[in-house]
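> The structure file my_file_15.cif (mmCIF, C-alpha atoms) is provided below.
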data_structure
#
loop_
_atom_site.label_atom_id
_atom_site.label_comp_id
_atom_site.auth_asym_id
_atom_site.auth_seq_id
_atom_site.Cartn_x
_atom_site.Cartn_y
_atom_site.Cartn_z
CA MET Z 1 -56.67 -1.08 -49.90
CA THR Z 2 -54.90 -1.87 -53.10
CA SER Z 3 -52.58 1.04 -52.66
CA GLY Z 4 -51.71 -0.31 -49.24
CA VAL Z 5 -50.72 -3.62 -50.73
CA ILE Z 6 -48.66 -1.91 -53.34
CA SER Z 7 -46.94 0.33 -50.87
CA ASN Z 8 -46.12 -2.74 -48.82
CA SER Z 9 -44.32 -4.30 -51.68
CA ASN Z 10 -42.78 -1.09 -52.83
CA PRO Z 11 -43.09 2.05 -50.69
CA VAL Z 12 -42.11 4.34 -53.54
CA THR Z 13 -45.21 3.75 -55.66
CA ASN Z 14 -48.50 5.30 -54.63
CA SER Z 15 -50.15 6.79 -57.68
CA ALA Z 16 -51.34 4.98 -60.77
CA ARG Z 17 -48.62 6.63 -62.76
CA SER Z 18 -45.91 5.21 -60.60
CA ILE Z 19 -47.53 1.78 -60.83
CA ILE Z 20 -46.90 1.87 -64.56
CA SER Z 21 -43.36 3.01 -64.07
CA ARG Z 22 -42.93 0.32 -61.46
CA SER Z 23 -43.95 -2.41 -63.88
CA LYS Z 24 -41.46 -0.99 -66.32
CA LYS Z 25 -38.85 -1.01 -63.64
CA LYS Z 26 -39.76 -4.57 -62.77
CA LYS Z 27 -39.25 -5.53 -66.38
CA LYS Z 28 -35.90 -3.81 -66.36
CA ILE Z 29 -34.86 -5.57 -63.19
CA LEU Z 30 -36.03 -8.89 -64.60
CA ASN Z 31 -34.03 -8.26 -67.73
CA GLN Z 32 -31.01 -7.47 -65.67
CA GLN Z 33 -31.43 -10.61 -63.65
CA ASN Z 34 -31.64 -12.56 -66.87
CA GLN Z 35 -28.57 -10.83 -68.14
CA SER Z 36 -26.55 -11.52 -65.04
CA GLN Z 37 -27.69 -15.12 -65.29
CA ASN Z 38 -26.42 -15.13 -68.84
CA VAL Z 39 -23.14 -13.66 -67.71
CA ARG Z 40 -22.73 -16.43 -65.18
CA ASP Z 41 -23.59 -19.13 -67.72
CA GLN Z 42 -21.16 -17.70 -70.18
CA THR Z 43 -18.33 -17.45 -67.71
CA GLN Z 44 -18.69 -21.16 -67.22
CA ALA Z 45 -18.80 -21.69 -70.95
CA THR Z 46 -15.72 -19.54 -71.43
CA THR Z 47 -13.73 -21.61 -68.99
CA GLN Z 48 -14.97 -24.69 -70.78
CA TRP Z 49 -13.41 -23.51 -74.01
CA LYS Z 50 -10.06 -23.64 -72.32
CA SER Z 51 -10.51 -27.21 -71.15
CA GLU Z 52 -8.72 -30.08 -72.81
CA ALA Z 53 -11.91 -32.11 -73.07
CA GLN Z 54 -13.68 -29.46 -75.09
CA GLN Z 55 -10.79 -29.32 -77.53
CA GLN Z 56 -10.94 -33.08 -77.96
CA VAL Z 57 -14.64 -32.93 -78.64
CA TYR Z 58 -14.04 -30.22 -81.18
CA SER Z 59 -11.14 -32.05 -82.83
CA SER Z 60 -13.08 -35.24 -83.34
CA LYS Z 61 -16.07 -33.37 -84.71
CA LEU Z 62 -13.79 -31.39 -86.98
CA LEU Z 63 -12.17 -34.55 -88.30
CA GLN Z 64 -15.56 -35.96 -89.17
CA ALA Z 65 -16.56 -32.76 -90.90
CA LEU Z 66 -13.28 -32.60 -92.84
CA ARG Z 67 -13.80 -36.13 -94.03
CA GLN Z 68 -17.15 -35.01 -95.38
CA VAL Z 69 -15.44 -32.08 -97.07
CA ARG Z 70 -12.99 -34.45 -98.72
CA ILE Z 71 -15.74 -36.71 -99.98
CA ASN Z 72 -17.62 -33.75 -101.38
CA SER Z 73 -14.57 -32.29 -103.08
CA ASP Z 74 -13.70 -35.67 -104.56
CA SER Z 75 -17.07 -36.14 -106.18
CA ALA Z 76 -17.93 -32.58 -107.10
CA ALA Z 77 -16.17 -30.26 -109.51
CA PRO Z 78 -12.81 -28.70 -108.50
CA PRO Z 79 -12.99 -26.88 -105.15
CA LYS Z 80 -13.24 -23.13 -105.52
CA ARG Z 81 -10.65 -22.11 -103.01
CA GLY Z 82 -9.33 -25.00 -100.99
CA GLY Z 83 -9.46 -23.36 -97.61
CA ARG Z 84 -12.98 -22.05 -97.84
CA ALA Z 85 -14.74 -25.38 -97.50
CA VAL Z 86 -12.50 -26.29 -94.56
CA ARG Z 87 -13.11 -22.91 -93.00
CA GLU Z 88 -16.86 -23.27 -93.30
CA ALA Z 89 -16.73 -26.74 -91.82
CA ALA Z 90 -14.49 -25.58 -88.98
CA ASP Z 91 -16.79 -22.71 -88.08
CA ARG Z 92 -19.90 -24.84 -88.33
CA VAL Z 93 -18.39 -27.47 -86.06
CA LEU Z 94 -17.32 -24.75 -83.63
CA ALA Z 95 -20.90 -23.53 -83.45
CA VAL Z 96 -22.16 -27.07 -82.94
CA THR Z 97 -19.65 -27.57 -80.15
CA ALA Z 98 -20.99 -24.44 -78.49
CA LYS Z 99 -24.36 -26.21 -78.43
CA GLY Z 100 -26.22 -23.08 -79.34
CA ARG Z 101 -25.73 -21.57 -75.91
CA THR Z 102 -24.49 -18.33 -77.39
CA ARG Z 103 -25.80 -15.89 -79.92
CA TRP Z 104 -22.75 -16.13 -82.15
CA SER Z 105 -23.03 -19.90 -82.47
CA ARG Z 106 -26.72 -19.70 -83.27
CA ALA Z 107 -25.95 -17.05 -85.86
CA ILE Z 108 -23.39 -19.28 -87.59
CA LEU Z 109 -25.84 -22.16 -87.65
CA THR Z 110 -28.73 -20.09 -89.01
CA ASN Z 111 -26.52 -18.66 -91.72
CA ARG Z 112 -25.70 -22.21 -92.60
CA LEU Z 113 -29.38 -23.12 -92.77
CA LYS Z 114 -30.07 -20.17 -95.03
CA LEU Z 115 -27.29 -21.29 -97.36
CA LYS Z 116 -28.67 -24.80 -97.42
CA PHE Z 117 -32.09 -23.49 -98.29
CA MET Z 118 -30.66 -21.39 -101.09
CA LYS Z 119 -28.74 -24.38 -102.32
CA LYS Z 120 -31.96 -26.32 -102.66
CA SER Z 121 -33.97 -23.55 -104.25
CA ASN Z 122 -31.35 -22.36 -106.70
CA ASN Z 123 -28.38 -24.58 -107.22
CA LYS Z 124 -26.63 -22.55 -109.89
CA ARG Z 125 -26.73 -19.24 -108.11
CA GLN Z 126 -25.67 -20.75 -104.83
CA LYS Z 127 -21.95 -20.28 -105.34
CA VAL Z 128 -22.37 -16.63 -106.14
CA THR Z 129 -24.45 -15.98 -103.07
CA VAL Z 130 -22.01 -17.81 -100.81
CA THR Z 131 -19.02 -15.78 -101.84
CA GLY Z 132 -21.05 -12.61 -101.95
CA SER Z 133 -22.42 -12.88 -98.44
CA SER Z 134 -19.15 -13.87 -96.84
CA LYS Z 135 -17.38 -11.03 -98.57
CA LEU Z 136 -19.97 -8.64 -97.20
CA GLN Z 137 -19.44 -9.97 -93.72
CA ARG Z 138 -15.72 -9.61 -93.86
CA LYS Z 139 -15.49 -6.24 -95.52
CA PRO Z 140 -17.97 -3.75 -94.16
CA ARG Z 141 -18.46 -0.81 -96.43
CA VAL Z 142 -16.29 1.73 -94.76
CA SER Z 143 -17.66 4.87 -96.33
CA ILE Z 144 -21.22 4.24 -95.19
CA LEU Z 145 -19.99 3.16 -91.80
CA ARG Z 146 -18.12 6.39 -91.38
CA LEU Z 147 -21.04 8.52 -92.38
CA LYS Z 148 -23.34 6.79 -89.95
CA THR Z 149 -21.03 6.77 -86.98
CA LYS Z 150 -19.36 10.11 -87.47
CA ASN Z 151 -20.95 11.67 -84.45
CA LEU Z 152 -20.87 8.73 -82.10
CA PRO Z 153 -18.30 8.67 -79.32
CA ALA Z 154 -15.29 6.47 -79.84
CA VAL Z 155 -16.45 3.69 -77.54
CA GLN Z 156 -19.77 3.31 -79.29
CA ARG Z 157 -18.11 3.38 -82.68
CA LYS Z 158 -15.71 0.63 -81.69
CA ALA Z 159 -18.51 -1.37 -80.13
CA ARG Z 160 -20.25 -1.29 -83.51
CA VAL Z 161 -17.16 -2.54 -85.27
CA LEU Z 162 -16.87 -5.29 -82.70
CA GLY Z 163 -20.53 -6.16 -83.18
CA ARG Z 164 -19.83 -6.75 -86.85
CA LEU Z 165 -16.93 -9.06 -86.07
CA VAL Z 166 -18.88 -11.33 -83.76
CA PRO Z 167 -21.49 -13.35 -85.67
CA GLY Z 168 -25.07 -12.38 -84.90
CA CYS Z 169 -24.14 -9.32 -82.85
CA ARG Z 170 -24.53 -6.65 -85.49
CA LYS Z 171 -27.53 -5.09 -83.83
CA GLU Z 172 -27.06 -6.07 -80.24
CA PRO Z 173 -26.58 -3.70 -77.30
CA LEU Z 174 -23.13 -3.25 -75.82
CA PRO Z 175 -23.41 -5.68 -72.87
CA VAL Z 176 -24.50 -8.48 -75.18
CA ILE Z 177 -21.67 -7.74 -77.60
CA LEU Z 178 -19.17 -7.82 -74.75
CA GLU Z 179 -20.47 -11.13 -73.41
CA GLU Z 180 -20.55 -12.71 -76.83
CA ALA Z 181 -17.12 -11.43 -77.74
CA THR Z 182 -15.68 -12.88 -74.54
CA ASP Z 183 -17.06 -16.32 -75.33
CA TYR Z 184 -16.30 -16.06 -79.04
CA ILE Z 185 -12.64 -15.22 -78.46
CA ALA Z 186 -12.20 -18.18 -76.14
CA ALA Z 187 -13.87 -20.40 -78.74
CA LEU Z 188 -11.68 -19.04 -81.54
CA GLU Z 189 -8.54 -19.64 -79.47
CA MET Z 190 -9.60 -23.22 -78.95
CA GLN Z 191 -10.35 -23.55 -82.66
CA VAL Z 192 -6.86 -22.33 -83.52
CA ARG Z 193 -5.29 -24.74 -81.03
CA ALA Z 194 -7.27 -27.70 -82.35
CA MET Z 195 -6.70 -26.89 -86.00
CA SER Z 196 -2.96 -26.37 -85.62
CA ALA Z 197 -2.69 -29.63 -83.66
CA LEU Z 198 -4.53 -31.36 -86.48
CA ALA Z 199 -2.36 -29.66 -89.11
CA ASN Z 200 0.78 -30.74 -87.27
CA LEU Z 201 -0.51 -34.28 -87.10
CA LEU Z 202 -1.30 -34.35 -90.79
CA SER Z 203 1.94 -32.71 -91.88
CA GLY Z 204 3.85 -35.17 -89.72
CA ALA Z 205 1.97 -37.97 -91.40
CA SER Z 206 2.48 -36.74 -94.94
CA SER Z 207 6.18 -35.95 -94.45
CA SER Z 208 6.78 -39.34 -92.85
CA SER Z 209 5.38 -41.07 -95.91
CA SER Z 210 8.18 -39.56 -97.98
CA SER Z 211 10.96 -39.98 -95.40
CA SER Z 212 12.00 -43.01 -93.37
CA SER Z 213 9.19 -44.63 -91.45
CA SER Z 214 11.11 -45.82 -88.39
CA SER Z 215 11.31 -42.54 -86.47
CA SER Z 216 8.13 -41.05 -87.84
CA SER Z 217 5.87 -43.39 -85.95
CA ASN Z 218 6.94 -41.80 -82.68
CA GLU Z 219 6.58 -38.31 -84.06
CA ALA Z 220 3.12 -39.03 -85.26
CA ALA Z 221 2.14 -40.52 -81.94
CA ALA Z 222 2.65 -37.32 -79.96
CA PRO Z 223 0.16 -35.12 -81.78
CA LEU Z 224 -2.14 -38.11 -81.92
CA ASN Z 225 -2.27 -38.10 -78.16
CA GLN Z 226 -2.81 -34.38 -78.19
CA LEU Z 227 -5.88 -34.81 -80.29
CA GLY Z 228 -7.17 -37.32 -77.82
CA SER Z 229 -9.65 -40.04 -78.44
CA SER Z 230 -12.12 -39.55 -81.21
CA ARG Z 231 -14.85 -41.31 -79.34
CA PRO Z 232 -17.81 -39.11 -78.53
CA PRO Z 233 -17.79 -37.77 -74.97
CA PRO Z 234 -19.88 -39.55 -72.36
CA PRO Z 235 -23.34 -38.03 -72.12
CA SER Z 236 -23.36 -35.40 -69.42
CA MET V 237 -38.49 9.02 -50.16
CA SER V 238 -37.60 11.07 -53.17
CA SER V 239 -33.95 10.38 -52.53
CA ARG V 240 -34.70 6.68 -52.46
CA ARG V 241 -36.50 6.91 -55.75
CA ALA V 242 -33.56 8.75 -57.23
CA ARG V 243 -31.22 6.14 -55.91
CA GLN V 244 -33.33 3.38 -57.41
CA ALA V 245 -33.49 5.06 -60.77
CA ALA V 246 -29.77 5.64 -60.73
CA GLY V 247 -29.23 2.15 -59.41
CA THR V 248 -30.69 0.48 -62.48
CA SER V 249 -28.32 2.28 -64.79
CA ARG V 250 -25.41 1.93 -62.41
CA ILE V 251 -25.83 -1.83 -62.29
CA SER V 252 -25.53 -2.06 -66.02
CA ASP V 253 -22.58 0.32 -65.90
CA ASP V 254 -20.92 -1.89 -63.34
CA GLN V 255 -21.78 -4.88 -65.47
CA ILE V 256 -20.20 -3.30 -68.50
CA ILE V 257 -17.07 -2.45 -66.55
CA GLU V 258 -16.93 -6.03 -65.32
CA LEU V 259 -17.45 -7.38 -68.82
CA VAL V 260 -14.80 -5.09 -70.24
CA SER V 261 -12.25 -6.14 -67.65
CA LYS V 262 -13.11 -9.79 -68.29
CA LEU V 263 -12.57 -9.19 -71.98
CA GLN V 264 -9.29 -7.47 -71.22
CA GLN V 265 -8.02 -10.61 -69.50
CA LEU V 266 -8.43 -12.50 -72.77
CA LEU V 267 -6.38 -10.10 -74.85
CA PRO V 268 -2.68 -10.87 -75.14
CA GLU V 269 -1.92 -7.20 -75.73
CA LEU V 270 -3.58 -6.03 -72.54
CA ARG V 271 -3.45 -9.09 -70.32
CA ASN V 272 -0.12 -8.22 -68.84
CA THR V 273 -0.88 -4.64 -67.95
CA ARG V 274 -0.91 -4.00 -64.25
CA ARG V 275 -4.24 -3.96 -62.56
CA SER V 276 -3.60 -0.48 -61.23
CA ASN V 277 -3.53 1.13 -64.65
CA LYS V 278 -6.57 -0.29 -66.33
CA ALA V 279 -6.86 0.19 -70.04
CA SER V 280 -9.70 2.40 -71.21
CA ALA V 281 -12.84 0.78 -72.55
CA SER V 282 -12.11 2.23 -75.95
CA LYS V 283 -8.65 0.67 -75.95
CA VAL V 284 -10.03 -2.71 -74.86
CA LEU V 285 -12.64 -2.64 -77.62
CA GLN V 286 -10.02 -1.69 -80.19
CA GLU V 287 -7.72 -4.50 -79.12
CA THR V 288 -10.63 -6.94 -79.06
CA CYS V 289 -11.39 -6.12 -82.68
CA ASN V 290 -7.75 -6.54 -83.63
CA TYR V 291 -7.48 -9.81 -81.79
CA ILE V 292 -10.61 -11.28 -83.36
CA ARG V 293 -9.33 -10.26 -86.80
CA ASN V 294 -6.02 -11.94 -86.03
CA LEU V 295 -7.75 -15.11 -84.92
CA HIS V 296 -9.91 -15.09 -88.05
CA ARG V 297 -6.78 -14.77 -90.15
CA GLU V 298 -5.14 -17.64 -88.28
CA VAL V 299 -8.18 -19.84 -88.84
CA ASP V 300 -8.14 -18.89 -92.51
CA ASP V 301 -4.48 -19.82 -92.84
CA LEU V 302 -4.99 -23.06 -90.96
CA SER V 303 -7.95 -23.89 -93.19
CA ASP V 304 -5.82 -23.42 -96.28
CA ARG V 305 -3.08 -25.53 -94.78
CA LEU V 306 -5.46 -28.28 -93.74
CA SER V 307 -7.15 -28.44 -97.11
CA GLN V 308 -3.75 -28.70 -98.79
CA LEU V 309 -2.68 -31.42 -96.40
CA LEU V 310 -5.91 -33.31 -96.90
CA SER V 311 -5.54 -33.22 -100.65
CA THR V 312 -1.93 -34.47 -100.54
CA ILE V 313 -2.58 -37.42 -98.26
CA ASP V 314 -2.80 -40.64 -100.17
CA ALA V 315 -6.03 -42.44 -99.36
CA ASP V 316 -4.24 -45.79 -99.22
CA SER V 317 -1.28 -44.72 -97.09
CA PRO V 318 -0.89 -46.00 -93.51
CA GLU V 319 -1.23 -42.41 -92.29
CA ALA V 320 -4.62 -42.15 -93.85
CA ALA V 321 -5.50 -45.33 -92.00
CA ILE V 322 -4.48 -43.69 -88.73
CA ILE V 323 -6.64 -40.70 -89.47
CA ARG V 324 -9.48 -42.95 -90.49
CA SER V 325 -9.18 -44.80 -87.21
CA LEU V 326 -9.30 -41.46 -85.42
CA ILE V 327 -12.45 -40.51 -87.21
CA MET V 328 -14.24 -43.79 -86.63
#
Show me this structure written as structure tokens.

Amino acid sequence: MTSGVISNSNPVTNSARSIISRSKKKKKILNQQNQSQNVRDQTQATTQWKSEAQQQVYSSKLLQALRQVRINSDSAAPPKRGGRAVREAADRVLAVTAKGRTRWSRAILTNRLKLKFMKKSNNKRQKVTVTGSSKLQRKPRVSILRLKTKNLPAVQRKARVLGRLVPGCRKEPLPVILEEATDYIAALEMQVRAMSALANLLSGASSSSSSSSSSSSNEAAAPLNQLGSSRPPPPS
Amino acid sequence: MSSRRARQAAGTSRISDDQIIELVSKLQQLLPELRNTRRSNKASASKVLQETCNYIRNLHREVDDLSDRLSQLLSTIDADSPEAAIIRSLIM
């Protein structure tokens, strides 16, 4: 009776053994469905990164974060390396703009949380750990890497390298790395666009303060429009 | 029946293979180095992965440079200047 029901749903399975394998298969199929769902979601997200609106959202968030950076650097001791604080803020804001839809953005945010926790628990050692961890992320130890991946085919080896470059993808399987890299690249491109627009705006502003002010107001207006309004986007 | 089973078993791996091919070609479209290659001669997966790594490194470097530039610019802007007021109005 039961076997009849099973064979109705899936004619391949008859024995108990194949029932087990079927449930495994089902899991696999479910996983794949989830994955393809993810792919679809991320394609939409990737196109969003290219949209003007998303860049405006990012720019305004970045401006707010940079203001915070300025306040912090004013009050605290001299900034370690000027760009680092800005870089951290820019990446954090990028992850926030991604709304945690992707693995890489969640990874950036959790790293941030870990740092915050360390800051609270040990304030003096915090600086050391920050530089240490980011150095580790940027410069993988090549010798160990080579030893480990000596026998892997070229594609797998390169996939591993790519997995290290995308936050939170160090140990992920290839399809996940590919999806995340696709979204991450689009996000990075947007980040570069937004940051260079902001830099142009600021450099126009600072140079105009030294030169004549009559023509500079028009020059400053153009990148201002590029940045768009700083008002938060309407709730969607 | 056995052929069907074989097809199913192969099908599960083939789907992910197809998926990977699709993902790789999607990734290829994002890469300036490989975007303009004709569709007929597709780049190999290994080449796409290599270029992806290079491109992400480049973007990281760009963001680094821009961060340095921005932090310099922020430090040079006078808090009382009219430009700072513009930026403040942007932030608010």
> Name the residues that the PyMOL selection byres ((chain Z) within 7 of (chain V)) pulls out of this structure, and write them as number ranges by chain.
Z: 12, 60, 63-64, 82-83, 86-87, 154-155, 158-159, 162, 175, 178-179, 182, 185, 188, 192, 195-196, 199, 202-203, 205-206, 230
> Applying the PyMOL selection byres ((chain Z and resi 168) around 6) to the file I just gave you, which residues come out? Please list them as an NGL selection string.
:Z and (104 or 107 or 167 or 169-170)
> Quick one: write out the picked residues with C-alpha atoms as a CSV table (one decimal), in the frame of the given file?

chain,number,residue,atom,x,y,z
Z,104,TRP,CA,-22.8,-16.1,-82.2
Z,107,ALA,CA,-26.0,-17.0,-85.9
Z,167,PRO,CA,-21.5,-13.4,-85.7
Z,169,CYS,CA,-24.1,-9.3,-82.8
Z,170,ARG,CA,-24.5,-6.6,-85.5
> Kindly give the distance, in Å, that separates atom CA of Arg103 of chain Z and atom CA of Val166 of chain Z, rounded to a single decimal.
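For atom CA of Arg103 of chain Z relative to atom CA of Val166 of chain Z, the distance reads 9.1 Å.
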> Using all atoms listed in the file, can you tell me which of Z:Glu189, Z:Leu174, Z:Val96, Z:Leu198 comes closest to Arg297 of chain V?
Z:Glu189
> Enter the distance from atom CA of Val176 of chain Z to atom CA of Val57 of chain Z, in Å, rounded to one decimal.
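Pair atom CA of Val176 of chain Z / atom CA of Val57 of chain Z returns 26.6 Å.
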> Between atom CA of Gln68 of chain Z and atom CA of Leu165 of chain Z, what distance in Å does the model show, to one decimal?
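Going from atom CA of Gln68 of chain Z over to atom CA of Leu165 of chain Z covers 27.6 Å.
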> Hey, can I get the axis-aligned box for segment 284-295 of chain V? All listed atoms, 8 Å padding on each side, centre and edge lengths in Å to one decimal, as lines of an AutoDock Vina configuration file.

center_x = -9.3
center_y = -8.4
center_z = -80.8
size_x = 22.6
size_y = 29.4
size_z = 27.9
> Could you please fill out segment 160-174 of chain Z with N, CA, C and O atoms and send it back as an mmCIF file, in the coordinates of the input?

data_model
loop_
_atom_site.group_PDB
_atom_site.id
_atom_site.type_symbol
_atom_site.label_atom_id
_atom_site.label_comp_id
_atom_site.auth_asym_id
_atom_site.auth_seq_id
_atom_site.Cartn_x
_atom_site.Cartn_y
_atom_site.Cartn_z
ATOM 1 N N ARG Z 160 -19.569 -0.913 -82.265
ATOM 2 C CA ARG Z 160 -20.250 -1.290 -83.510
ATOM 3 C C ARG Z 160 -19.354 -2.154 -84.378
ATOM 4 O O ARG Z 160 -19.788 -3.140 -84.955
ATOM 5 N N VAL Z 161 -18.100 -1.752 -84.474
ATOM 6 C CA VAL Z 161 -17.160 -2.540 -85.270
ATOM 7 C C VAL Z 161 -17.050 -3.941 -84.683
ATOM 8 O O VAL Z 161 -17.075 -4.938 -85.412
ATOM 9 N N LEU Z 162 -16.963 -4.002 -83.365
ATOM 10 C CA LEU Z 162 -16.870 -5.290 -82.700
ATOM 11 C C LEU Z 162 -18.124 -6.121 -82.958
ATOM 12 O O LEU Z 162 -18.047 -7.320 -83.213
ATOM 13 N N GLY Z 163 -19.272 -5.464 -82.921
ATOM 14 C CA GLY Z 163 -20.530 -6.160 -83.180
ATOM 15 C C GLY Z 163 -20.578 -6.772 -84.562
ATOM 16 O O GLY Z 163 -21.231 -7.788 -84.779
ATOM 17 N N ARG Z 164 -19.877 -6.180 -85.502
ATOM 18 C CA ARG Z 164 -19.830 -6.750 -86.850
ATOM 19 C C ARG Z 164 -18.904 -7.956 -86.907
ATOM 20 O O ARG Z 164 -19.068 -8.824 -87.750
ATOM 21 N N LEU Z 165 -17.901 -7.967 -86.034
ATOM 22 C CA LEU Z 165 -16.930 -9.060 -86.070
ATOM 23 C C LEU Z 165 -17.455 -10.328 -85.417
ATOM 24 O O LEU Z 165 -17.063 -11.427 -85.783
ATOM 25 N N VAL Z 166 -18.322 -10.158 -84.430
ATOM 26 C CA VAL Z 166 -18.880 -11.330 -83.760
ATOM 27 C C VAL Z 166 -20.177 -11.711 -84.477
ATOM 28 O O VAL Z 166 -21.055 -10.864 -84.626
ATOM 29 N N PRO Z 167 -20.301 -12.961 -84.918
ATOM 30 C CA PRO Z 167 -21.490 -13.350 -85.670
ATOM 31 C C PRO Z 167 -22.765 -13.104 -84.871
ATOM 32 O O PRO Z 167 -22.811 -13.383 -83.670
ATOM 33 N N GLY Z 168 -23.766 -12.564 -85.535
ATOM 34 C CA GLY Z 168 -25.070 -12.380 -84.900
ATOM 35 C C GLY Z 168 -25.158 -11.249 -83.911
ATOM 36 O O GLY Z 168 -26.145 -11.128 -83.213
ATOM 37 N N CYS Z 169 -24.132 -10.402 -83.840
ATOM 38 C CA CYS Z 169 -24.140 -9.320 -82.850
ATOM 39 C C CYS Z 169 -24.203 -7.942 -83.496
ATOM 40 O O CYS Z 169 -23.945 -6.932 -82.838
ATOM 41 N N ARG Z 170 -24.536 -7.916 -84.767
ATOM 42 C CA ARG Z 170 -24.530 -6.650 -85.490
ATOM 43 C C ARG Z 170 -25.419 -5.601 -84.833
ATOM 44 O O ARG Z 170 -25.075 -4.429 -84.763
ATOM 45 N N LYS Z 171 -26.569 -6.070 -84.343
ATOM 46 C CA LYS Z 171 -27.530 -5.090 -83.830
ATOM 47 C C LYS Z 171 -27.770 -5.232 -82.343
ATOM 48 O O LYS Z 171 -28.793 -4.808 -81.829
ATOM 49 N N GLU Z 172 -26.841 -5.827 -81.663
ATOM 50 C CA GLU Z 172 -27.060 -6.070 -80.240
ATOM 51 C C GLU Z 172 -26.537 -4.903 -79.398
ATOM 52 O O GLU Z 172 -25.633 -4.189 -79.817
ATOM 53 N N PRO Z 173 -27.096 -4.732 -78.196
ATOM 54 C CA PRO Z 173 -26.580 -3.700 -77.300
ATOM 55 C C PRO Z 173 -25.190 -4.073 -76.759
ATOM 56 O O PRO Z 173 -24.792 -5.239 -76.807
ATOM 57 N N LEU Z 174 -24.525 -3.077 -76.230
ATOM 58 C CA LEU Z 174 -23.130 -3.250 -75.820
ATOM 59 C C LEU Z 174 -22.895 -4.415 -74.853
ATOM 60 O O LEU Z 174 -21.971 -5.205 -75.075
#
